Amino acid sequence: MLSIDIGTTTVSGVWVDPPTGAIRRTVTRAHGADVAGLPMGRHEQCPKRLTQAVLRVAEELCGGQPAAGLVLSGQMHGIVAVDGAREPLTNLITWRDQRTADAPESVRRHAHAAETGCFLHPGYGGLTLHHLLRTGTLPPAAVRVLTLQGFVQAHLTGRCSIDETSAAGLGLWDVRRNAWHTALLDELGIPMALLPEFVPSCAVCGRVRAGFGPLSGATVYSAVADNQAGVIGAQATAAGQAAEAVINIGTSGQISVPLQSYAFNPAMETRPMPGGTFIQVFATLCGGWAYQYLADFFRQVVQTLTGRNVGLDETFAAMAKLAEGGGAEGLRVDPRFAGERNGRGAPSGLIFGITTENLTPKNLVHAFAEGIANELAAPLEAGGVGGLVAVGNGVRMNPVLRRAIERRFGVPCRLAEVTEAAAYGAACAVLKTAKSDGH
């Protein structure tokens, strides 16, 4: 059983033994699919290069043996338009693309969020597709608009499909009814015919066609979006519990809180999970980048005053040692240096609470870590979370931030045992679905 996650910078895969769920092999490779020379605010990737990267990782995982099953996971929100032969007519327009940043508030904060679970933010496929149609920049030969994982899946199987986790990431899915939100589609001028066929998450959606080496003939299961797959992968360990919230901190930050039944919180997003449960998600734009921003500042100070160039790893190590014990001593940081996901407010953070005694490097380290933790906790309902598990190098490699998170949430924060949480989680979701179906 192969499970491959297609990220923004890398493709990661795991070979899982179905009877035991044990990981037999892992592979992670940079894909280098970014398209250069785009206008400011645009972010696109080459879908064919991404597909080739997936196939290379699959071959490496297989080691010459045939694969029995394949499930994909992938970066959320992006879209690629294809023709009738499933050939790409556009690049993948990713979640980082900001061409819709000036979309009217009435479009972005539409009246249907209580059903879709979210508003439409720049980079979300639904808003991007609306922009392409409104500006006449969707290629006339476009027959379908797919997610990244949907595009690779279609390339392998010949079938254009999408599951509920990926559809919700476009912002066009009625999460409560588990169907496309027809009223929102009508308001945005998006024809239903452009959208792929719905195949439930982890259900069989086809087989890999001949000509794809060890993947040929493998059963393909409906792809899972990376956020939901990552939550499953983080929880699917001996210590894991389905009630744990998952914190993922890399460049950005994200907290996913499990729900047994649907509920809407306008400060967060409600997303479907495979199997019929839900998560509420809040994402920040900085996260671990804010902590690196402080590290870069310290490096500049050292270089400016002494002429010595200090490496980033050395700086992080010094910051961790500096912050052993104590706290911020009243110094506070608002880390929204890049603004907010919903586009509200100017991109500007704050350092405040400064007195004549507390502006020290040690206190700054604590204050930045506490600010990151505070931003993640801010939208949660009273009562917080019952447990925390962390993934992402921004928190895995940073004990200062991990301690700040534990203090802010008031519960221990354990590290996920699996580093490739999204790839492993997608495999676990398929195996659980197959078991519940009696296979």
# chains A, B, ... in the order shown; residues from 1 in each chain; ligands from 1
call {"tool": "residues_around", "arguments": {"residues": "range 277-279 of chain A", "least_positions_apart": "6", "cutoff": "6 Å", "atoms": "only C-alpha atoms", "output": "list in words"}}
result
Ser256, Val257, Pro258, Leu259, Gln260, Thr270 and Arg271 of chain A
call {"tool": "select_by_dssp", "arguments": {"residues": "range 304-386 of chain A", "states": "strand (DSSP E)", "output": "PDB file with N, CA and C atoms, in the first residue's frame"}}
result
ATOM      1  N   ARG A 332       5.254  41.566  25.340  1.00  0.00           N
ATOM      2  CA  ARG A 332       4.254  40.833  24.548  1.00  0.00           C
ATOM      3  C   ARG A 332       4.479  41.082  23.060  1.00  0.00           C
ATOM      4  N   VAL A 333       4.112  40.062  22.279  1.00  0.00           N
ATOM      5  CA  VAL A 333       4.268  40.139  20.823  1.00  0.00           C
ATOM      6  C   VAL A 333       2.979  39.699  20.144  1.00  0.00           C
ATOM      7  N   ASP A 334       2.526  40.503  19.202  1.00  0.00           N
ATOM      8  CA  ASP A 334       1.448  40.109  18.288  1.00  0.00           C
ATOM      9  C   ASP A 334       2.137  39.720  16.980  1.00  0.00           C
ATOM     10  N   LEU A 350       3.139  43.522  16.330  1.00  0.00           N
ATOM     11  CA  LEU A 350       3.466  44.487  17.373  1.00  0.00           C
ATOM     12  C   LEU A 350       4.372  43.855  18.425  1.00  0.00           C
ATOM     13  N   ILE A 351       5.268  44.650  18.968  1.00  0.00           N
ATOM     14  CA  ILE A 351       6.003  44.291  20.178  1.00  0.00           C
ATOM     15  C   ILE A 351       5.655  45.371  21.193  1.00  0.00           C
ATOM     16  N   PHE A 352       5.010  44.978  22.289  1.00  0.00           N
ATOM     17  CA  PHE A 352       4.535  45.993  23.228  1.00  0.00           C
ATOM     18  C   PHE A 352       4.707  45.500  24.667  1.00  0.00           C
TER      19      PHE A 352
END
call {"tool": "closest_residue", "arguments": {"among": "A:Thr157, A:His43, A:Gln98, A:Phe119", "to": "Arg86 in chain A", "atoms": "only C-alpha atoms"}}
result
A:Thr157
call {"tool": "closest_atom_pairs", "arguments": {"of": "range 229-325 of chain A", "to": "range 386-391 of chain A", "cutoff": "6 Å", "atoms": "only C-alpha atoms", "output": "Markdown table"}}
result
| residue | atom | partner | partner_atom | distance |
| --- | --- | --- | --- | --- |
| A:Glu244 | CA | A:Gly387 | CA | 4.6 |
| A:Ala245 | CA | A:Leu388 | CA | 5.0 |
| A:Val246 | CA | A:Val389 | CA | 5.0 |
| A:Ile247 | CA | A:Ala390 | CA | 4.8 |
| A:Asn248 | CA | A:Val391 | CA | 4.8 |
call {"tool": "write_last_selection", "arguments": {"atoms": "C-alpha atoms", "output": "PDB file, in the first residue's frame"}}
result
ATOM      1  CA  GLU A 244      -6.493  15.272  20.539  1.00  0.00           C
ATOM      2  CA  ALA A 245      -6.164  18.604  18.778  1.00  0.00           C
ATOM      3  CA  VAL A 246      -3.296  18.747  16.289  1.00  0.00           C
ATOM      4  CA  ILE A 247      -0.932  21.712  16.058  1.00  0.00           C
ATOM      5  CA  ASN A 248       1.097  21.948  12.861  1.00  0.00           C
TER       6      ASN A 248
END
call {"tool": "residues_around", "arguments": {"residues": "range 409-415 of chain A", "least_positions_apart": "4", "cutoff": "12 Å", "atoms": "only C-alpha atoms", "output": "JSON, numbers by chain"}}
result
{"A": [233, 234, 235, 237, 239, 240, 241, 244, 245, 246, 247, 248, 249, 255, 370, 373, 374, 375, 376, 377, 378, 380, 381, 382, 383, 384, 385, 386, 387, 388, 389, 390, 391, 392, 393, 394, 395, 396, 397, 398, 399, 401, 402, 403, 404, 405, 419, 421]}
call {"tool": "residues_around", "arguments": {"residues": "Glu44 in chain A", "least_positions_apart": "4", "cutoff": "7 Å", "atoms": "only C-alpha atoms", "output": "compact mmCIF listing (two decimals) with C-alpha atoms, in the first residue's frame"}}
result
# COMPACT_ATOMS: atom_id res chain seq x y z
CA ASP A 34 7.47 26.35 -8.89
CA VAL A 35 6.95 28.45 -12.01
CA ASN A 91 -0.56 25.62 -14.12
CA LEU A 92 -1.62 24.66 -10.63
CA ILE A 93 -2.69 27.96 -9.06
CA THR A 94 -1.72 27.25 -5.47
call {"tool": "closest_residue", "arguments": {"among": "A:Asp174, A:Glu314, A:Asp83, A:Glu324", "to": "Leu194 in chain A", "atoms": "only C-alpha atoms"}}
result
A:Asp83
call {"tool": "select_by_dssp", "arguments": {"residues": "range 214-266 of chain A", "states": "alpha helix (DSSP H)", "output": "NGL selection string"}}
result
:A and (226-235)
